[in-house]
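Engineer: My structure file model_1.txt, compact mmCIF, C-alpha atoms, is below:
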```txt
# COMPACT_ATOMS: atom_id res chain seq x y z
CA MET X 13 0.00 0.00 0.00
CA SER X 14 1.33 3.47 -0.85
CA CYS X 15 0.33 7.08 -0.29
CA THR X 16 1.44 10.45 -1.61
CA THR X 17 2.70 13.43 0.36
CA PHE X 18 2.87 16.97 -0.98
CA VAL X 19 6.44 18.27 -1.22
CA PRO X 20 6.88 22.06 -1.46
CA SER X 21 9.62 23.54 -3.61
CA GLN X 22 12.54 24.92 -1.63
CA SER X 23 12.49 27.97 -3.89
CA SER X 24 9.12 28.98 -2.41
CA HIS X 25 10.26 28.82 1.23
CA VAL X 26 10.03 32.22 2.97
CA PRO X 27 11.09 33.02 6.55
CA ILE X 28 9.08 35.42 8.68
CA ASN X 29 9.72 38.96 7.49
CA PRO X 30 10.78 41.22 10.41
CA ARG X 31 9.42 44.28 8.58
CA LEU X 32 5.97 43.16 9.71
CA VAL X 33 5.90 43.65 13.48
CA CYS X 34 3.34 41.96 15.74
CA GLU X 35 2.71 41.95 19.47
CA GLU X 36 -0.10 41.21 21.85
CA LEU X 37 -1.04 42.49 25.27
CA TRP X 38 -3.29 41.19 28.00
CA LEU X 39 -6.00 43.63 29.01
CA PRO X 40 -7.94 43.79 32.28
CA ASP X 41 -11.04 41.63 32.39
CA LEU X 42 -14.11 43.38 30.97
CA ASP X 43 -15.97 43.04 34.28
CA GLU X 44 -13.14 44.88 36.05
CA CYS X 45 -13.06 47.89 33.71
CA ASP X 46 -14.37 51.20 35.02
CA ASP X 47 -15.42 52.42 31.59
CA GLU X 48 -17.13 50.02 29.22
CA ASP X 49 -15.41 50.15 25.83
CA ASP X 50 -17.87 49.53 23.00
CA TYR X 51 -15.13 47.98 20.89
CA ARG X 52 -13.86 45.46 23.42
CA VAL X 53 -14.60 41.88 22.40
CA GLY X 54 -11.95 40.15 24.52
CA THR X 55 -9.00 40.56 26.85
CA ILE X 56 -6.25 40.20 24.21
CA ASP X 57 -5.04 43.25 22.32
CA PHE X 58 -3.30 42.02 19.14
CA GLN X 59 -1.31 44.73 17.37
CA ILE X 60 0.29 44.65 13.96
CA THR X 61 2.53 47.29 12.40
CA LEU X 62 2.63 47.22 8.61
CA PRO X 63 5.81 48.11 6.75
CA LEU X 64 5.81 51.57 5.25
CA ASP X 65 5.45 52.02 1.53
CA ASP X 66 9.00 52.72 0.35
CA SER X 67 7.75 55.66 -1.69
CA CYS X 68 5.95 57.37 1.21
CA PRO X 69 7.28 59.15 4.30
CA GLU X 70 5.95 57.91 7.61
CA SER X 71 3.72 60.95 8.05
CA SER X 72 1.75 60.09 4.90
CA ALA X 73 1.08 56.43 5.73
CA PRO X 74 -2.14 56.35 7.80
CA GLY X 75 -3.29 53.07 9.28
CA ARG X 76 0.23 51.71 9.61
CA CYS X 77 -0.37 50.32 13.11
CA LEU X 78 -3.61 48.41 13.57
CA LYS X 79 -5.05 47.03 16.82
CA PHE X 80 -7.51 44.20 17.33
CA TYR X 81 -9.36 42.96 20.36
CA CYS X 82 -9.38 39.14 20.48
CA ARG X 83 -10.77 36.66 22.96
CA ASP X 84 -7.82 34.24 22.86
CA ARG X 85 -4.06 34.49 22.43
CA SER X 86 -2.62 34.13 18.95
CA ALA X 87 -1.24 30.71 17.96
CA GLY X 88 2.11 30.40 16.19
CA VAL X 89 2.07 34.01 14.94
CA LEU X 90 4.63 35.84 17.08
CA LEU X 91 8.40 35.77 16.84
CA PRO X 92 10.25 34.88 20.09
CA SER X 93 11.31 38.53 20.31
CA GLU X 94 7.75 39.88 20.04
CA PRO X 95 5.69 40.50 23.20
CA ALA X 96 3.06 37.84 23.91
CA ALA X 97 0.11 37.83 26.28
CA PRO X 98 0.34 35.40 29.20
CA ALA X 99 -1.88 32.33 29.33
CA ALA X 100 -5.10 33.05 31.18
CA SER X 101 -7.77 30.84 32.69
CA GLN X 102 -11.51 31.13 32.25
CA ASP X 103 -11.81 30.27 35.97
CA GLY X 104 -14.80 28.04 35.32
CA ARG X 105 -16.86 30.74 33.61
CA VAL X 106 -19.19 29.74 30.78
CA ASP X 107 -18.21 31.03 27.37
CA PRO X 108 -20.61 33.94 26.64
CA PHE X 109 -21.18 32.60 23.12
CA PHE X 110 -21.64 28.97 24.14
CA PHE X 111 -25.36 28.98 23.34
CA GLU X 112 -25.09 31.11 20.20
CA LYS X 113 -26.47 29.46 17.07
CA GLY X 114 -23.60 28.22 14.88
CA PHE X 115 -20.97 28.55 17.64
CA ASP X 116 -19.10 25.41 16.60
CA LEU X 117 -15.35 24.76 16.45
CA GLU X 118 -14.97 26.88 13.33
CA ALA X 119 -16.49 29.86 15.14
CA MET X 120 -14.57 29.28 18.38
CA THR X 121 -11.20 29.31 16.61
CA GLY X 122 -12.15 32.54 14.82
CA PHE X 123 -11.67 34.60 17.97
CA GLN X 124 -7.87 34.36 17.77
CA VAL X 125 -5.13 34.97 15.20
CA TRP X 126 -3.42 32.05 13.42
CA PRO X 127 -0.09 31.71 11.50
CA GLY X 128 -1.55 31.92 7.99
CA SER X 129 -2.74 35.46 8.70
CA ARG X 130 0.81 36.69 9.07
CA LEU X 131 1.93 34.88 5.92
CA MET X 132 -0.96 36.37 3.92
CA ILE X 133 -0.36 39.93 5.18
CA GLU X 134 3.35 39.64 4.36
CA THR X 135 2.48 38.45 0.86
CA PHE X 136 0.60 41.68 0.17
CA THR X 137 2.67 44.20 2.13
CA CYS X 138 6.33 43.11 2.54
CA LYS X 139 8.30 43.86 -0.60
CA ALA X 140 11.56 42.43 0.67
CA SER X 141 10.02 38.97 1.07
CA TYR X 142 10.03 38.16 -2.62
CA THR X 143 12.95 39.00 -4.86
CA GLY X 144 14.37 37.53 -8.04
CA SER X 145 12.85 36.82 -11.42
CA SER X 146 11.10 33.50 -10.70
CA SER X 147 7.47 33.15 -11.71
CA ARG X 148 6.50 32.75 -8.06
CA GLY X 149 8.24 36.02 -7.20
CA LYS X 150 6.43 37.71 -10.07
CA ARG X 151 3.07 36.41 -8.87
CA LEU X 152 3.70 37.62 -5.33
CA ARG X 153 4.81 41.04 -6.59
CA HIS X 154 1.69 41.10 -8.78
CA TRP X 155 -0.52 40.90 -5.71
CA GLN X 156 1.39 43.67 -3.96
CA GLU X 157 1.05 45.93 -6.98
CA SER X 158 -2.66 45.12 -7.40
CA LEU X 159 -3.29 45.97 -3.75
CA ARG X 160 -1.84 49.44 -4.23
CA GLY X 161 -4.13 49.79 -7.26
CA GLY X 162 -7.31 49.24 -5.25
CA VAL X 163 -8.08 45.58 -5.95
CA ASN X 164 -11.51 44.22 -4.89
CA ILE X 165 -11.02 41.54 -2.22
CA LEU X 166 -13.50 39.16 -0.62
CA GLU X 167 -12.17 37.70 2.63
CA VAL X 168 -13.99 34.57 3.80
CA GLY X 169 -13.69 33.03 7.27
CA ALA X 170 -12.17 36.30 8.47
CA GLY X 171 -12.33 35.70 12.22
CA MET X 172 -11.38 38.95 13.95
CA GLY X 173 -10.84 40.78 10.64
CA VAL X 174 -7.08 41.15 11.04
CA VAL X 175 -6.10 40.22 7.47
CA GLY X 176 -8.89 42.15 5.75
CA SER X 177 -8.23 45.28 7.80
CA CYS X 178 -4.51 45.15 6.99
CA LEU X 179 -5.17 44.66 3.28
CA ALA X 180 -7.54 47.63 3.34
CA ALA X 181 -4.95 49.75 5.16
CA ALA X 182 -2.48 48.95 2.38
CA GLY X 183 -4.90 50.04 -0.36
CA GLY X 184 -7.46 47.31 -1.02
CA ASN X 185 -11.25 47.39 -1.16
CA VAL X 186 -12.07 44.54 1.23
CA LEU X 187 -15.39 42.89 2.04
CA ILE X 188 -14.66 41.03 5.29
CA THR X 189 -17.03 38.12 5.95
CA ASP X 190 -17.67 35.30 8.41
CA LEU X 191 -20.45 33.80 10.52
CA PRO X 192 -22.86 36.18 12.34
CA VAL X 193 -21.33 35.66 15.80
CA LEU X 194 -17.90 36.69 14.49
CA VAL X 195 -19.12 39.56 12.32
CA GLU X 196 -21.09 41.17 15.16
CA ASN X 197 -18.70 40.41 18.04
CA GLY X 198 -15.32 40.60 16.31
CA ILE X 199 -15.07 42.06 12.83
CA LYS X 200 -17.37 45.07 13.18
CA PRO X 201 -15.96 46.21 16.56
CA ASN X 202 -12.40 45.90 15.25
CA LEU X 203 -13.25 47.77 12.05
CA ARG X 204 -14.69 50.60 14.12
CA ARG X 205 -11.53 50.61 16.19
CA ASN X 206 -9.22 50.96 13.20
CA GLY X 207 -11.36 52.78 10.65
CA ALA X 208 -13.04 56.08 10.00
CA ILE X 209 -16.65 56.36 8.83
CA THR X 210 -16.94 58.04 5.43
CA LEU X 211 -19.09 61.15 5.64
CA SER X 212 -20.41 64.03 3.51
CA SER X 213 -18.55 64.74 0.26
CA SER X 214 -15.86 62.10 0.84
CA SER X 215 -18.38 59.24 0.86
CA TYR X 216 -18.60 59.05 -2.91
CA LEU X 217 -15.00 57.81 -2.98
CA SER X 218 -15.88 54.54 -1.28
CA PRO X 219 -16.43 51.64 -3.74
CA ASP X 220 -19.99 50.42 -4.36
CA PHE X 221 -18.55 46.89 -4.53
CA LEU X 222 -18.61 46.86 -0.72
CA ILE X 223 -22.37 47.41 -0.49
CA SER X 224 -23.01 43.68 -0.64
CA ASN X 225 -26.76 43.64 0.09
CA ASP X 226 -29.78 45.88 0.61
CA CYS X 227 -29.14 46.05 4.35
CA LEU X 228 -25.86 47.93 3.87
CA SER X 229 -25.21 51.52 2.80
CA LYS X 230 -22.30 53.92 2.32
CA GLU X 231 -22.33 54.58 6.07
CA ASP X 232 -21.29 50.94 6.68
CA ILE X 233 -18.08 51.34 4.66
CA LEU X 234 -15.06 52.42 6.69
CA SER X 235 -11.88 54.07 5.49
CA ILE X 236 -8.79 52.28 6.85
CA GLY X 237 -5.41 53.69 5.87
CA LYS X 238 -5.27 53.84 2.08
CA GLY X 239 -8.29 51.63 1.40
CA TRP X 240 -11.80 50.67 2.36
CA ALA X 241 -13.46 47.87 4.30
CA CYS X 242 -16.94 46.64 5.14
CA ALA X 243 -18.19 43.64 7.13
CA ASP X 244 -20.97 41.25 6.19
CA VAL X 245 -22.17 37.72 6.92
CA LEU X 246 -21.30 34.98 4.42
CA ASP X 247 -22.29 31.45 5.41
CA TRP X 248 -20.73 28.84 3.11
CA PHE X 249 -23.66 26.48 3.70
CA LYS X 250 -26.07 28.96 2.09
CA PRO X 251 -26.27 30.03 -1.58
CA VAL X 252 -24.13 33.06 -2.41
CA PRO X 253 -26.96 34.89 -4.29
CA ASP X 254 -29.05 34.79 -1.10
CA GLN X 255 -26.31 36.69 0.76
CA LEU X 256 -24.36 38.88 -1.66
CA SER X 257 -25.73 41.12 -4.39
CA ARG X 258 -24.85 40.24 -7.96
CA ASP X 259 -23.05 43.60 -8.28
CA THR X 260 -20.74 42.51 -5.46
CA SER X 261 -20.25 38.84 -6.40
CA SER X 262 -19.44 39.82 -10.02
CA SER X 263 -16.83 42.44 -9.03
CA ILE X 264 -14.33 40.32 -7.06
CA ASP X 265 -10.68 40.14 -8.13
CA VAL X 266 -9.39 37.83 -5.41
CA ILE X 267 -10.85 35.70 -2.61
CA VAL X 268 -8.70 35.46 0.52
CA ALA X 269 -9.07 32.61 3.05
CA CYS X 270 -6.67 32.36 6.00
CA ASP X 271 -6.52 29.45 8.43
CA CYS X 272 -10.12 28.44 7.74
CA VAL X 273 -9.68 25.37 5.50
CA PHE X 274 -9.04 22.72 8.14
CA LEU X 275 -12.26 20.89 9.00
CA ARG X 276 -13.28 18.26 6.45
CA LYS X 277 -16.97 19.23 6.72
CA LEU X 278 -16.17 22.80 5.62
CA VAL X 279 -14.17 22.06 2.48
CA ASP X 280 -16.97 21.39 -0.02
CA PRO X 281 -19.17 24.27 1.23
CA LEU X 282 -16.20 26.64 0.91
CA LEU X 283 -15.26 25.38 -2.56
CA ASN X 284 -18.90 25.69 -3.65
CA THR X 285 -18.87 29.31 -2.48
CA VAL X 286 -15.62 29.95 -4.34
CA SER X 287 -17.04 28.27 -7.46
CA THR X 288 -20.01 30.66 -7.48
CA ILE X 289 -17.71 33.68 -7.15
CA PHE X 290 -15.48 32.35 -9.92
CA GLU X 291 -18.52 32.07 -12.19
CA HIS X 292 -20.04 35.45 -11.30
CA SER X 293 -16.72 37.34 -11.57
CA LYS X 294 -15.26 35.39 -14.51
CA SER X 295 -14.80 38.54 -16.57
CA ARG X 296 -12.27 39.70 -13.94
CA SER X 297 -10.31 36.39 -13.92
CA PRO X 298 -10.63 36.01 -10.14
CA LYS X 299 -8.24 33.95 -8.02
CA LEU X 300 -8.35 32.32 -4.59
CA LEU X 301 -5.45 32.80 -2.19
CA PHE X 302 -5.60 30.57 0.87
CA THR X 303 -3.30 29.43 3.64
CA PHE X 304 -3.20 25.90 5.05
CA GLN X 305 -1.41 24.55 8.11
CA ARG X 306 -0.62 20.88 8.57
CA ARG X 307 -1.92 19.45 11.85
CA ASN X 308 -1.31 16.32 13.90
CA MET X 309 -4.96 15.32 14.24
CA MET X 310 -6.63 13.80 11.23
CA GLY X 311 -10.20 12.54 11.04
CA VAL X 312 -12.19 15.76 11.46
CA PHE X 313 -9.21 17.69 10.02
CA ILE X 314 -8.55 17.33 6.31
CA SER X 315 -5.05 16.45 5.11
CA MET X 316 -3.12 18.61 2.69
CA GLU X 317 -3.17 15.90 0.05
CA GLU X 318 -6.92 15.32 0.23
CA LEU X 319 -7.56 19.06 -0.01
CA LEU X 320 -5.39 19.39 -3.13
CA VAL X 321 -7.24 16.48 -4.75
CA ARG X 322 -10.61 18.09 -3.95
CA ILE X 323 -9.48 21.31 -5.63
CA GLU X 324 -8.01 19.63 -8.72
CA GLU X 325 -11.16 17.54 -9.16
CA ARG X 326 -12.99 20.78 -9.91
CA GLY X 327 -10.71 21.41 -12.86
CA TRP X 328 -8.96 24.33 -11.16
CA GLY X 329 -5.27 25.16 -11.28
CA ILE X 330 -3.39 25.36 -7.98
CA GLU X 331 0.14 26.44 -7.13
CA CYS X 332 2.10 26.78 -3.89
CA LEU X 333 3.44 30.34 -3.83
CA ALA X 334 5.10 30.30 -0.40
CA TRP X 335 5.55 28.23 2.73
CA ARG X 336 7.35 28.22 6.08
CA THR X 337 7.43 26.25 9.31
CA VAL X 338 5.56 27.55 12.34
CA ASN X 339 5.64 26.55 15.98
CA VAL X 340 2.14 26.37 17.44
CA GLU X 341 1.98 26.06 21.21
CA GLY X 342 0.53 22.70 22.18
CA ASP X 343 0.68 21.32 18.64
CA GLY X 344 4.38 21.49 17.70
CA ILE X 345 6.17 22.54 14.53
CA HIS X 346 4.26 22.33 11.26
CA GLU X 347 4.41 23.64 7.71
CA ASN X 348 2.20 26.57 6.76
CA TYR X 349 1.44 27.13 3.05
CA LEU X 350 0.11 29.85 0.78
CA PHE X 351 -1.66 28.59 -2.35
CA GLU X 352 -3.08 30.38 -5.36
CA VAL X 353 -6.07 28.79 -7.10
CA SER X 354 -7.23 29.71 -10.58
CA PRO X 355 -10.50 28.61 -12.28
CA GLU X 356 -8.36 27.64 -15.27
CA LYS X 357 -6.18 24.54 -15.23
CA SER X 358 -3.21 26.28 -16.89
CA SER X 359 -0.17 26.67 -14.68
CA ILE X 360 0.27 30.01 -12.91
CA VAL X 361 3.98 29.57 -12.24
CA ASP X 362 6.70 27.53 -13.85
CA GLU X 363 7.01 24.78 -11.20
CA PRO X 364 4.10 22.31 -10.81
CA LEU X 365 3.02 20.60 -7.62
CA PHE X 366 5.16 17.63 -6.68
CA PHE X 367 4.34 14.65 -4.50
CA GLU X 368 6.48 11.99 -2.87
CA GLU X 369 5.07 8.50 -3.17
CA LYS X 370 5.71 6.58 0.04
CA ALA X 371 5.38 2.93 0.95
CA SER X 372 3.57 1.87 4.11
CA LYS X 373 6.84 1.90 6.07
CA GLY X 374 7.32 5.56 5.14
CA GLU X 375 10.34 5.35 2.86
CA VAL X 376 10.42 7.48 -0.30
CA ARG X 377 9.74 5.35 -3.37
CA CYS X 378 9.71 7.94 -6.15
CA LEU X 379 9.09 11.58 -6.98
CA THR X 380 6.35 12.19 -9.52
CA ASN X 381 4.98 15.19 -11.34
CA GLN X 382 1.23 15.14 -10.80
CA LYS X 383 0.37 17.59 -13.56
```
I need this file expressed as structure tokens, please.

Structural biologist:
Amino acid sequence: MSCTTFVPSQSSHVPINPRLVCEELWLPDLDECDDEDDYRVGTIDFQITLPLDDSCPESSAPGRCLKFYCRDRSAGVLLPSEPAAPAASQDGRVDPFFFEKGFDLEAMTGFQVWPGSRLMIETFTCKASYTGSSSRGKRLRHWQESLRGGVNILEVGAGMGVVGSCLAAAGGNVLITDLPVLVENGIKPNLRRNGAITLSSSSYLSPDFLISNDCLSKEDILSIGKGWACADVLDWFKPVPDQLSRDTSSSIDVIVACDCVFLRKLVDPLLNTVSTIFEHSKSRSPKLLFTFQRRNMMGVFISMEELLVRIEERGWGIECLAWRTVNVEGDGIHENYLFEVSPEKSSIVDEPLFFEEKASKGEVRCLTNQK
């Protein structure tokens, strides 16, 4: 009996870029605060400082430092030199969202920041990460340049809204989506914390793409740094046309998904959602950028290899643009990947996906090109 294991190219390995600076602080418990802060959703203050645009002085780079309230500490995101919040105990208290509809594992994990978020933000904002003339380097530089040009981004499974807010601050038009409990208790409060409401004559500048349904208006779009952001609910188990307007779903340039493709039960619903966006926005040649972290537990978690097969079965092209190892407390050291998916099968970069074929004892038997 044999199996195949995905093998990333060494040329796509990227270390953590120190130009992107993260830290987190522990805040006093909400019940102990004298003044109730409308934006507080948890006792962790996660902060991220984006690298400055090389062409702009510091004074002209608004939104460079962003702050997010989270309910749990980040996992595998911080460098050893970056401040981390201490472990805290719930002291037997019941989770306030325990009885919320849809508060399953996928919602619980959304209240903290995971390694793929840092990798995705670096991809769009850290120029020094990707040099050389390789096709992968060109693709990564393409996304950085498109962000500065005001690309339309749909973030799915956004959690606390860290990635979407950072991409907006760097110039993107970002619709940040997740389940209702996360949108109302995480994304919207953090957008209000980092953004400015567009008013009077300046409101016409905000993109209509972000008004994703009849319940939203220009007043719901916030200016963050150089771009724009808005929050809305997008449930992968429901049809996209029932949730997003056709004007929005047909105007998407790239779908971003960070650290949310891990449960087997979520894969097909997510890919169905992506398929609808690909179809509606086909005139814009949309892409999907997603991060994936290997984990020890299988069963409910999907393996890298099974996920790649599910994607290729849809006739889509997929390439690994970048990867690194991350150390997640309590789970050990694992590989974290950034993939680009295209609705066309044609290769995006010059190196295809490779797999090692292994015998049951684990030894390498051969290296095959799966394309």

Engineer: Name the residues, using the chain letters and numbers of the file, that sit within 7 Å of (-10.3, 52.4, 11.7) when counting only C-alpha atoms, and give them as a VMD selection string.

Structural biologist: chain X and resid 203 to 208 234 to 236

Engineer: Could you check which of X:Gly184, X:Gly198, X:Pro219, X:Gly128 is closest to Phe302 in chain X, using all atoms listed in the file?

Structural biologist: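 Checking each candidate against Phe302 in chain X, we get X:Gly128 as the closest.
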
Engineer: Could you check how far CA of Asn29 in chain X sits from CA of Ser158 in chain X, in Å to one decimal?

Structural biologist: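 That distance, rounded to one decimal, is 20.3 Å.
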
Engineer: Give me, please, the distance in Å between CA of Arg160 in chain X and CA of Glu196 in chain X, quoted to one decimal.

Structural biologist: 28.5 Å

Engineer: What residues have an atom no more than 8 Å from (6.3, 23.8, 2.7) in the file's own frame, counting all atoms listed in the file, and can you write them as a PDB file with C-alpha atoms, keeping the file's coordinate frame?

Structural biologist:
```pdb
ATOM      1  CA  VAL X  19       6.440  18.270  -1.220  1.00  0.00           C
ATOM      2  CA  PRO X  20       6.880  22.060  -1.460  1.00  0.00           C
ATOM      3  CA  SER X  21       9.620  23.540  -3.610  1.00  0.00           C
ATOM      4  CA  GLN X  22      12.540  24.920  -1.630  1.00  0.00           C
ATOM      5  CA  SER X  24       9.120  28.980  -2.410  1.00  0.00           C
ATOM      6  CA  HIS X  25      10.260  28.820   1.230  1.00  0.00           C
ATOM      7  CA  ALA X 334       5.100  30.300  -0.400  1.00  0.00           C
ATOM      8  CA  TRP X 335       5.550  28.230   2.730  1.00  0.00           C
ATOM      9  CA  ARG X 336       7.350  28.220   6.080  1.00  0.00           C
ATOM     10  CA  THR X 337       7.430  26.250   9.310  1.00  0.00           C
ATOM     11  CA  GLU X 347       4.410  23.640   7.710  1.00  0.00           C
ATOM     12  CA  ASN X 348       2.200  26.570   6.760  1.00  0.00           C
ATOM     13  CA  TYR X 349       1.440  27.130   3.050  1.00  0.00           C
TER      14      TYR X 349
END
```

Engineer: Kindly give the distance, in Å, that separates CA of Ser293 in chain X and CA of Ala170 in chain X, rounded to a single decimal.

Structural biologist: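 Atom-to-atom, CA of Ser293 in chain X and CA of Ala170 in chain X are spaced 20.6 Å apart.
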
Engineer: Please determine, counting all atoms listed in the file, which residue among X:Val163, X:Met132, X:Cys82, X:Leu275 has the shortest atom-to-atom distance to Gly239 in chain X.

Structural biologist: X:Val163

Engineer: Near Glu35 in chain X, counting all atoms listed in the file, which residues have an atom at most 7 Å away, once you skip same-chain residues fewer than 6 positions from it, shown as a ChimeraX atom specification?

Structural biologist: /X:58-60,90,94-96

Engineer: Those selected residues, please, written with C-alpha atoms and delivered as a PDB file, in the frame of the given file.

Structural biologist:
```pdb
ATOM      1  CA  PHE X  58      -3.300  42.020  19.140  1.00  0.00           C
ATOM      2  CA  GLN X  59      -1.310  44.730  17.370  1.00  0.00           C
ATOM      3  CA  ILE X  60       0.290  44.650  13.960  1.00  0.00           C
ATOM      4  CA  LEU X  90       4.630  35.840  17.080  1.00  0.00           C
ATOM      5  CA  GLU X  94       7.750  39.880  20.040  1.00  0.00           C
ATOM      6  CA  PRO X  95       5.690  40.500  23.200  1.00  0.00           C
ATOM      7  CA  ALA X  96       3.060  37.840  23.910  1.00  0.00           C
TER       8      ALA X  96
END
```

Engineer: With all atoms listed in the file as the counted atoms, please give the residues lying no more than 9 Å from Leu282 in chain X, apart from itself and same-chain residues fewer than 5 positions off, as a list in words.

Structural biologist: Val168, Asp247, Trp248, Phe249, Val273 and Ser287 of chain X

Engineer: With only C-alpha atoms as the atoms that count, which of X:Pro201, X:Gly329, X:Pro127, X:Gly176 lies nearest to Arg306 in chain X?

Structural biologist: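 Under the stated criterion, the closest residue is X:Pro127.
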
Engineer: Which of these, X:Val321, X:Val26, X:Val53, X:Cys272, has the shortest distance to Gly169 in chain X once you count all atoms listed in the file?

Structural biologist: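 Distance minimum relative to Gly169 in chain X lands on X:Cys272.
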
Engineer: Of the candidates X:His292, X:Ala243, X:Arg85, X:Arg326, which one gets nearest to Asp280 in chain X if we count only C-alpha atoms?

Structural biologist: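 Result for the nearest residue to Asp280 in chain X: X:Arg326.
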
Engineer: Pick out the residues sitting within 6 Å of Leu301 in chain X, and hand them over as a list in words; count all atoms listed in the file, and ignore anything fewer than 5 positions along from it in its own chain.

Structural biologist: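 Here the answer would be Val268, Phe351 and Glu352 of chain X.
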